[in-house]
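Since the structure comes first, as structure tokens, the remarks are kept for the end.
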2 protein chains.
Amino acid sequence: MTAARKRKKFLIEEAGARLRSVGLRPTRQRLALAHLLGADHRHVTAEMLHEEATSVGIEVSLATIYNTLHQFTDAGLLREVVVDAGRSYFDTNTGAHHHFFCEEDGSLVDIPGETIEVARVPAAPKGMAVERVDVVVRLKRA
Amino acid sequence: MTAARKRKKFLIEEAGARLRSVGLRPTRQRLALAHLLGADHRHVTAEMLHEEATSVGIEVSLATIYNTLHQFTDAGLLREVVVDAGRSYFDTNTGAHHHFFCEEDGSLVDIPGETIEVARVPAAPKGMAVERVDVVVRLKRA
DNA sequence: AATTACCTTAGAACAGTTCTAAACTGATTG
DNA sequence: CAATCAGTTTAGAACTGTTCTAAGGTAATT
């Protein structure tokens with residue numbers, strides 16, 4: 001086994017343990033998708049991820065892409081970002097941060113959490129609690 | 001003509017002038033919808049507005065609801081709020097302000113513009129300009 | 001009243017997502 | 001290590017919200 005191959009195997013085993021720890025079986029499809037999503041700070045839609053998987057020779061159905069994205073999100077491995085009525089983006093960065101969004105080309109860029117300061121957020125209405133505060137900086141062509 | 005009737009007629013004529021000033025003909029449908037949307041601080045989806053119009057006896061097709069919501073938005077009479085992938089809300093409050101959003105029941109509540117302070121918004125990437133900054137305070141049941 | 005550009009509409013089409021039910025697979029057990 | 005079984009994947013149908021199409025209707029102008 002080459003060094004590269006060993007590194008890859010290691011990554012996959014890591015992902016396997018991670019999946020198992022959140023109650024998901026490390027299946028071929030989930031491991032492959034976890035691997036694709038391994039790089040930090042990615043923003044993907046279901047269609048994008050499906051296309052990417054297919055293009056690198058991973059056979060996964062679109063239904064599984066949706067299932068997996070939701071399972072990963074529920075497990076706290078991904079975060080759903082709502083910026084565009086009509087499609088969902090999933091963000092591999094699950095920490096506190098915000099986004100630039102450009103409607104024109106659908107691009108989404110992280111803004112680190114400490115960059116923007118949000119002050120005086122009002123208390124949640126009675127019986128409710130604040131789950132999180134999302135800031136979207138909408139861009140247009142200058 | 002009663003006082004109430006006179007007041008109503010006045011409102012409609014006002015709306016007519018307003019529509020004309022943004023280049024839209026004051027048709028029966030647009031006047032009726034403008035009237036329904038006249039109350040401040042409303043948040044409607046196309047389906048909601050269609051149902052409401054129908055229930056008060058205004059005959060309007062869903063296609064016209066969509067056309068009208070978009071035309072009003074383009075004219076600056078409404079503002080589209082994206083909080084939920086899968087459906088669009090339109091807000092009659094076009095001034096600077098933010099929102100509470102509860103996924104559980106889809107409810108949307110205004111937070112006055114001066115309540116929340118957003119500081120240190122980074123400059124837009126090269127060639128882009130900030131169109132606006134949206135803050136969504138997501139709520140869950142306490 | 002005729003003209004014309006604009007508007008509305010039903011229904012088809014479309015995009016993104018979820019559902020269904022049948023086949024498959026990973027883990028466990030005898 | 002074969003049988004078992006719960007969990008998983010899948011193709012395709014179904015569904016939801018939205019947009020498109022093209023035919024008929026209407027407001028404004030002449």
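By order in the structure tokens, chains are A, B, ...; within a chain, residues start at 1; ligands start at 1, following the order shown.
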(request) Could you please write out, as JSON, numbers by chain, every residue of chain A that DSSP assigns to strand (DSSP E)? (result) {"A": [43, 44, 79, 80, 81, 89, 90, 91, 97, 98, 99, 100, 101, 102, 107, 108, 109, 110, 111, 112, 117, 118, 119, 128, 129, 130, 131, 132, 133, 134, 135, 136, 137, 138, 139, 140, 141]}
(request) Compile the contact shell of region 20-28 of chain C as a list in words: residues with an atom at most 10 Å away, counting only C-alpha atoms (C1' of nucleotides), same-chain residues fewer than 3 positions apart removed. (result) Arg25, Pro26, Thr27 and Arg28 of chain A; DT4, DC5, DA6, DG7, DT8, DT9, DT10, DG12, DA13 and DA14 of chain D
Resulting file, chosen residues, C-alpha atoms (C1' of nucleotides), as a PDB file, in the first residue's frame:
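Dumped everything to part.pdb:
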ATOM      1  CA  ARG A  25     -23.903   2.987   9.110  1.00  0.00           C
ATOM      2  CA  PRO A  26     -20.761   3.762   7.152  1.00  0.00           C
ATOM      3  CA  THR A  27     -22.055   2.591   3.803  1.00  0.00           C
ATOM      4  CA  ARG A  28     -20.198   2.965   0.541  1.00  0.00           C
TER       5      ARG A  28
ATOM      6  C1'  DT D   4     -31.394 -13.229   9.587  1.00  0.00           C
ATOM      7  C1'  DC D   5     -32.904  -8.581  10.092  1.00  0.00           C
ATOM      8  C1'  DA D   6     -32.784  -3.795  10.563  1.00  0.00           C
ATOM      9  C1'  DG D   7     -31.011  -0.210   8.154  1.00  0.00           C
ATOM     10  C1'  DT D   8     -29.980   1.587   3.409  1.00  0.00           C
ATOM     11  C1'  DT D   9     -30.328   2.539  -1.441  1.00  0.00           C
ATOM     12  C1'  DT D  10     -32.814   3.147  -5.514  1.00  0.00           C
ATOM     13  C1'  DG D  12     -39.474   6.339 -10.581  1.00  0.00           C
ATOM     14  C1'  DA D  13     -43.797   8.395  -9.217  1.00  0.00           C
ATOM     15  C1'  DA D  14     -45.700  12.086  -6.784  1.00  0.00           C
TER      16       DA D  14
END
(request) Do me a favour and pick out the residues of chain B within 12 Å of chain D, using only C-alpha atoms (C1' of nucleotides), as a PyMOL selection string. (result) chain B and resi 20+24-29+45-47+62-67+70+84-89
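Counting from CA of Asp110 (chain A), the distance to CA of Ala123 (chain B) is 12.9 Å.
Every protein, DNA or RNA residue with an atom at most 8 Å from Asp40 (chain A), where only C-alpha atoms (C1' of nucleotides) count and chain neighbours fewer than 3 positions away do not, is listed here: A:Leu37, A:Thr92, A:Asn93.
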Expected file contents, prior selection, N, CA and C atoms, as an mmCIF file, in the first residue's frame:
data_model
loop_
_atom_site.group_PDB
_atom_site.id
_atom_site.type_symbol
_atom_site.label_atom_id
_atom_site.label_comp_id
_atom_site.auth_asym_id
_atom_site.auth_seq_id
_atom_site.Cartn_x
_atom_site.Cartn_y
_atom_site.Cartn_z
ATOM 1 N N LEU A 37 -17.214 15.797 0.864
ATOM 2 C CA LEU A 37 -17.544 16.966 1.688
ATOM 3 C C LEU A 37 -16.463 17.254 2.716
ATOM 4 N N THR A 92 -20.447 22.976 4.798
ATOM 5 C CA THR A 92 -19.623 22.059 5.587
ATOM 6 C C THR A 92 -19.054 22.744 6.829
ATOM 7 N N ASN A 93 -19.177 24.057 6.870
ATOM 8 C CA ASN A 93 -18.713 24.805 8.037
ATOM 9 C C ASN A 93 -19.886 24.935 9.003
#
Would you give me, as a short mmCIF file (atom, residue, chain, number, x, y, z; two decimals) with C-alpha atoms, in the first residue's frame, the residues of chain B that come within 8 Å of chain A, using only C-alpha atoms?
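Output below, filename part.cif:
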data_model
loop_
_atom_site.label_atom_id
_atom_site.label_comp_id
_atom_site.auth_asym_id
_atom_site.auth_seq_id
_atom_site.Cartn_x
_atom_site.Cartn_y
_atom_site.Cartn_z
CA VAL B 82 -36.21 34.48 2.02
CA VAL B 83 -36.39 32.42 5.17
CA ASP B 84 -37.65 29.11 3.94
CA ALA B 85 -36.30 27.15 1.01
CA GLY B 86 -39.46 26.17 -0.80
CA ARG B 87 -41.63 29.24 -0.58
CA SER B 88 -41.39 32.99 -0.82
CA THR B 115 -33.56 47.17 17.37
CA ILE B 116 -30.74 45.00 16.10
CA GLU B 117 -27.33 46.50 15.51
CA VAL B 118 -25.18 44.90 12.83
CA ALA B 119 -21.61 46.16 12.92
CA ARG B 120 -18.40 45.46 11.01
CA VAL B 121 -20.10 44.19 7.86
CA PRO B 122 -17.18 43.44 5.55
CA ALA B 124 -18.31 43.39 -0.76
CA GLY B 127 -16.88 44.15 -8.50
CA MET B 128 -19.81 43.63 -6.13
CA ALA B 129 -21.82 45.95 -3.91
CA VAL B 130 -23.86 45.23 -0.81
CA GLU B 131 -27.51 45.31 -1.76
CA ARG B 132 -28.78 44.75 1.75
CA VAL B 133 -28.11 42.90 4.98
CA ASP B 134 -30.78 40.49 6.17
CA VAL B 135 -30.85 39.20 9.71
CA VAL B 136 -33.07 36.23 10.47
CA VAL B 137 -33.50 35.18 14.09
CA ARG B 138 -34.55 31.55 13.85
CA LEU B 139 -36.81 30.31 16.61
CA LYS B 140 -37.65 26.92 18.00
CA ARG B 141 -40.13 25.90 20.65
CA ALA B 142 -38.59 26.64 24.06
#
(message) Counting only C-alpha atoms (C1' of nucleotides), a student should be able to say which residues of chain C come within 12 Å of chain B; what is the right answer, written as a PyMOL selection string?
(response) chain C and resi 5-11+15-17
